[in-house]
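**Student:** To be precise about what I am sending: the file is called work-v4.cif and holds mmCIF, C-alpha atoms.
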data_entry
loop_
_atom_site.group_PDB
_atom_site.id
_atom_site.type_symbol
_atom_site.label_atom_id
_atom_site.label_comp_id
_atom_site.auth_asym_id
_atom_site.auth_seq_id
_atom_site.Cartn_x
_atom_site.Cartn_y
_atom_site.Cartn_z
ATOM 1 C CA MET A 1 73.065 95.399 60.982
ATOM 2 C CA SER A 2 73.806 96.805 57.560
ATOM 3 C CA ASP A 3 77.406 95.587 57.182
ATOM 4 C CA VAL A 4 77.469 92.782 54.584
ATOM 5 C CA GLY A 5 80.549 91.158 56.153
ATOM 6 C CA SER A 6 78.902 91.048 59.565
ATOM 7 C CA GLU A 7 75.714 89.631 58.078
ATOM 8 C CA GLN A 8 77.726 86.881 56.351
ATOM 9 C CA ARG A 9 79.566 86.073 59.601
ATOM 10 C CA MET A 10 76.245 85.962 61.469
ATOM 11 C CA ALA A 11 74.790 83.598 58.850
ATOM 12 C CA ALA A 12 77.880 81.379 59.154
ATOM 13 C CA VAL A 13 77.528 81.230 62.959
ATOM 14 C CA ILE A 14 73.843 80.349 62.707
ATOM 15 C CA GLU A 15 74.671 77.658 60.129
ATOM 16 C CA GLN A 16 77.359 76.176 62.425
ATOM 17 C CA LEU A 17 74.977 76.188 65.380
ATOM 18 C CA THR A 18 72.229 74.582 63.292
ATOM 19 C CA LYS A 19 74.640 71.816 62.250
ATOM 20 C CA ALA A 20 75.518 71.376 65.947
ATOM 21 C CA GLY A 21 71.845 70.735 66.758
ATOM 22 C CA TYR A 22 70.568 74.242 67.566
ATOM 23 C CA THR A 23 67.765 73.899 65.037
ATOM 24 C CA ASP A 24 64.954 75.953 66.548
ATOM 25 C CA MET A 25 64.713 79.729 66.831
ATOM 26 C CA PHE A 26 63.735 81.437 70.067
ATOM 27 C CA ARG A 27 62.096 84.800 70.624
ATOM 28 C CA GLY A 28 61.171 86.691 73.741
ATOM 29 C CA GLU A 29 57.583 87.491 74.538
ATOM 30 C CA LYS A 30 55.585 88.564 77.550
ATOM 31 C CA GLY A 31 55.034 84.999 78.834
ATOM 32 C CA GLY A 32 58.621 83.779 78.402
ATOM 33 C CA VAL A 33 60.910 82.577 75.622
ATOM 34 C CA ARG A 34 59.107 80.895 72.725
ATOM 35 C CA ALA A 35 60.659 78.119 70.655
ATOM 36 C CA VAL A 36 59.231 79.156 67.296
ATOM 37 C CA GLY A 37 59.367 75.682 65.721
ATOM 38 C CA SER A 38 57.579 73.835 68.510
ATOM 39 C CA GLY A 39 55.554 76.790 69.761
ATOM 40 C CA HIS A 40 56.492 75.923 73.353
ATOM 41 C CA VAL A 41 56.947 78.906 75.682
ATOM 42 C CA HIS A 42 59.756 78.313 78.164
ATOM 43 C CA GLN A 43 60.391 80.114 81.388
ATOM 44 C CA PRO A 44 63.919 81.562 81.263
ATOM 45 C CA THR A 45 65.040 79.394 84.178
ATOM 46 C CA GLU A 46 64.179 76.255 82.136
ATOM 47 C CA LEU A 47 66.864 77.216 79.604
ATOM 48 C CA THR A 48 70.647 77.466 79.603
ATOM 49 C CA ILE A 49 72.961 79.642 77.541
ATOM 50 C CA ASP A 50 75.536 77.387 75.882
ATOM 51 C CA SER A 51 77.310 80.094 73.874
ATOM 52 C CA ILE A 52 77.086 83.758 72.893
ATOM 53 C CA GLU A 53 78.428 85.369 69.740
ATOM 54 C CA ARG A 54 78.483 89.163 69.465
ATOM 55 C CA PHE A 55 78.648 91.204 66.274
ATOM 56 C CA GLU A 56 79.261 94.923 65.733
ATOM 57 C CA GLY A 57 78.491 96.943 62.654
ATOM 58 C CA ALA A 58 81.628 98.181 60.866
ATOM 59 C CA SER A 59 80.284 101.664 60.307
ATOM 60 C CA ASP A 60 78.374 101.956 63.590
ATOM 61 C CA PRO A 61 79.756 100.163 66.675
ATOM 62 C CA ASP A 62 76.405 100.777 68.389
ATOM 63 C CA ASP A 63 74.821 98.528 65.756
ATOM 64 C CA GLU A 64 75.363 95.355 67.790
ATOM 65 C CA VAL A 65 73.673 91.954 67.684
ATOM 66 C CA ILE A 66 74.121 88.856 69.827
ATOM 67 C CA ILE A 67 73.318 85.278 68.933
ATOM 68 C CA LEU A 68 72.728 83.042 71.920
ATOM 69 C CA ALA A 69 72.790 79.259 71.592
ATOM 70 C CA ILE A 70 70.296 78.084 74.182
ATOM 71 C CA ALA A 71 68.962 74.723 75.266
ATOM 72 C CA SER A 72 66.050 73.414 77.303
ATOM 73 C CA ALA A 73 66.399 70.436 79.616
ATOM 74 C CA VAL A 74 62.590 70.267 79.781
ATOM 75 C CA ASP A 75 62.016 69.180 76.178
ATOM 76 C CA ASP A 76 65.553 68.864 74.720
ATOM 77 C CA CYS A 77 64.865 71.829 72.438
ATOM 78 C CA ARG A 78 67.980 73.683 71.256
ATOM 79 C CA GLY A 79 68.118 76.794 69.131
ATOM 80 C CA THR A 80 69.297 80.343 68.626
ATOM 81 C CA TYR A 81 68.007 83.577 70.103
ATOM 82 C CA THR A 82 69.159 86.588 68.051
ATOM 83 C CA VAL A 83 68.618 90.090 69.438
ATOM 84 C CA PRO A 84 70.052 93.597 69.287
ATOM 85 C CA TYR A 85 72.696 94.165 71.960
ATOM 86 C CA GLY A 86 73.442 97.155 74.138
ATOM 87 C CA ARG A 87 71.177 100.172 74.133
ATOM 88 C CA ASN A 88 69.140 98.753 71.247
ATOM 89 C CA MET A 89 68.071 95.623 73.168
ATOM 90 C CA SER A 90 64.455 95.712 74.277
ATOM 91 C CA VAL A 91 63.671 95.732 77.978
ATOM 92 C CA LEU A 92 61.769 92.476 77.504
ATOM 93 C CA ASP A 93 64.722 90.666 75.891
ATOM 94 C CA SER A 94 67.130 92.086 78.464
ATOM 95 C CA ASP A 95 64.957 90.883 81.337
ATOM 96 C CA LEU A 96 64.464 87.407 79.869
ATOM 97 C CA ILE A 97 68.120 86.877 78.939
ATOM 98 C CA SER A 98 69.299 88.015 82.376
ATOM 99 C CA GLN A 99 67.238 85.182 83.907
ATOM 100 C CA ILE A 100 68.621 82.396 81.686
ATOM 101 C CA PRO A 101 71.379 80.490 83.495
ATOM 102 C CA ASP A 102 74.697 80.830 81.688
ATOM 103 C CA LYS A 103 76.341 77.416 81.358
ATOM 104 C CA ARG A 104 79.604 79.037 80.217
ATOM 105 C CA SER A 105 80.483 80.489 83.614
ATOM 106 C CA PRO A 106 78.939 80.138 87.064
ATOM 107 C CA ARG A 107 77.237 83.211 88.483
ATOM 108 C CA PRO A 108 77.953 84.124 92.104
#
Reformat the file's structure so that it appears as structure tokens.

**Tutor:**
Amino acid sequence: MSDVGSEQRMAAVIEQLTKAGYTDMFRGEKGGVRAVGSGHVHQPTELTIDSIERFEGASDPDDEVIILAIASAVDDCRGTYTVPYGRNMSVLDSDLISQIPDKRSPRP
């Protein structure tokens, strides 16, 4: 994401989420979704998506990023999971995110 305005908006969203208690950062890996601060690896089904923010690059609409606010009922960990969106998302992240229950709307 090379658009300065988008980067500033992303930083503002992360700051708002941090103030709201989403203080950890998550990343996908082969064994699950790791909370970087605690080091705990969660199974996707142990987490919930509380919100999703999507950003597009001004000069390249394919330059997309999403920020997920996710929470764990297992250890009360809350944080953000930031990944490329669309065709630039890794297969690993896509698979993990698709397994995280979305609290915003029930899935059939």

**Student:** Can you write out as a tab-separated table which residues of segment 81-100 of chain A fall within 12 Å of segment 8-22 of chain A, alongside each residue's closest atom pair and its distance in Å to one decimal, counting all atoms listed in the file and ordering rows by chain and ascending residue number?

**Tutor:**
residue	atom	partner	partner_atom	distance
A:Tyr81	CA	A:Ile14	CA	10.0
A:Thr82	CA	A:Ile14	CA	9.5
A:Val83	CA	A:Met10	CA	11.8

**Student:** Would you mind exporting the chosen residues as a PDB file, in the frame of the given file, restricted to C-alpha atoms?

**Tutor:**
ATOM      1  CA  TYR A  81      68.007  83.577  70.103  1.00  0.00           C
ATOM      2  CA  THR A  82      69.159  86.588  68.051  1.00  0.00           C
ATOM      3  CA  VAL A  83      68.618  90.090  69.438  1.00  0.00           C
TER       4      VAL A  83
END

**Student:** Residues near Ile49 of chain A, anyone? I mean within 7 Å using all atoms listed in the file, not counting same-chain ones fewer than 4 positions away, as a VMD selection string.

**Tutor:** chain A and resid 68 to 71 100 to 103

**Student:** Mind checking which residues fall within 10 Å of segment 34-43 of chain A, counting all atoms listed in the file, ignoring those fewer than 6 positions away in the same chain, and posting them as a PDB file with C-alpha atoms, keeping the file's coordinate frame?

**Tutor:**
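The file below, result.pdb, is the result:
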ATOM      1  CA  THR A  23      67.765  73.899  65.037  1.00  0.00           C
ATOM      2  CA  ASP A  24      64.954  75.953  66.548  1.00  0.00           C
ATOM      3  CA  MET A  25      64.713  79.729  66.831  1.00  0.00           C
ATOM      4  CA  PHE A  26      63.735  81.437  70.067  1.00  0.00           C
ATOM      5  CA  ARG A  27      62.096  84.800  70.624  1.00  0.00           C
ATOM      6  CA  GLY A  28      61.171  86.691  73.741  1.00  0.00           C
ATOM      7  CA  SER A  72      66.050  73.414  77.303  1.00  0.00           C
ATOM      8  CA  VAL A  74      62.590  70.267  79.781  1.00  0.00           C
ATOM      9  CA  ASP A  75      62.016  69.180  76.178  1.00  0.00           C
ATOM     10  CA  CYS A  77      64.865  71.829  72.438  1.00  0.00           C
ATOM     11  CA  ARG A  78      67.980  73.683  71.256  1.00  0.00           C
ATOM     12  CA  GLY A  79      68.118  76.794  69.131  1.00  0.00           C
ATOM     13  CA  THR A  80      69.297  80.343  68.626  1.00  0.00           C
ATOM     14  CA  TYR A  81      68.007  83.577  70.103  1.00  0.00           C
ATOM     15  CA  LEU A  96      64.464  87.407  79.869  1.00  0.00           C
ATOM     16  CA  GLN A  99      67.238  85.182  83.907  1.00  0.00           C
ATOM     17  CA  ILE A 100      68.621  82.396  81.686  1.00  0.00           C
TER      18      ILE A 100
END

**Student:** Considering only C-alpha atoms, return as a PyMOL selection string whatever protein or nucleic-acid residues lie within 7 Å of segment 62-67 of chain A, sequence-local ones (same chain, fewer than 5 positions apart) excluded.

**Tutor:** chain A and resi 1+52-57+80-86

**Student:** Could you write out the selected residues, including C-alpha atoms, as an mmCIF file, keeping the file's coordinate frame?

**Tutor:**
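Once written, part_18.cif looks like this:
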data_model
loop_
_atom_site.group_PDB
_atom_site.id
_atom_site.type_symbol
_atom_site.label_atom_id
_atom_site.label_comp_id
_atom_site.auth_asym_id
_atom_site.auth_seq_id
_atom_site.Cartn_x
_atom_site.Cartn_y
_atom_site.Cartn_z
ATOM 1 C CA MET A 1 73.065 95.399 60.982
ATOM 2 C CA ILE A 52 77.086 83.758 72.893
ATOM 3 C CA GLU A 53 78.428 85.369 69.740
ATOM 4 C CA ARG A 54 78.483 89.163 69.465
ATOM 5 C CA PHE A 55 78.648 91.204 66.274
ATOM 6 C CA GLU A 56 79.261 94.923 65.733
ATOM 7 C CA GLY A 57 78.491 96.943 62.654
ATOM 8 C CA THR A 80 69.297 80.343 68.626
ATOM 9 C CA TYR A 81 68.007 83.577 70.103
ATOM 10 C CA THR A 82 69.159 86.588 68.051
ATOM 11 C CA VAL A 83 68.618 90.090 69.438
ATOM 12 C CA PRO A 84 70.052 93.597 69.287
ATOM 13 C CA TYR A 85 72.696 94.165 71.960
ATOM 14 C CA GLY A 86 73.442 97.155 74.138
#

**Student:** Taking all atoms of segment 42-57 of chain A that the file lists, what box with edges along x, y and z, padded by 6 Å per side, do you get, with centre and edge lengths in Å to one decimal, as lines of an AutoDock Vina configuration file?

**Tutor:**
center_x = 69.5
center_y = 86.6
center_z = 73.4
size_x = 31.5
size_y = 32.7
size_z = 33.5

**Student:** Which residues fall under the PyMOL selection byres ((chain A and resi 92) around 12) in this file, as a list of chain:residue names?

**Tutor:**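 With the shown file as input, the PyMOL selection byres ((chain A and resi 92) around 12) matches A:Arg27, A:Gly28, A:Glu29, A:Lys30, A:Gly31, A:Gly32, A:Val33, A:Pro44, A:Val83, A:Pro84, A:Asn88, A:Met89, A:Ser90, A:Val91, A:Asp93, A:Ser94, A:Asp95, A:Leu96, A:Ile97, A:Ser98, A:Gln99.
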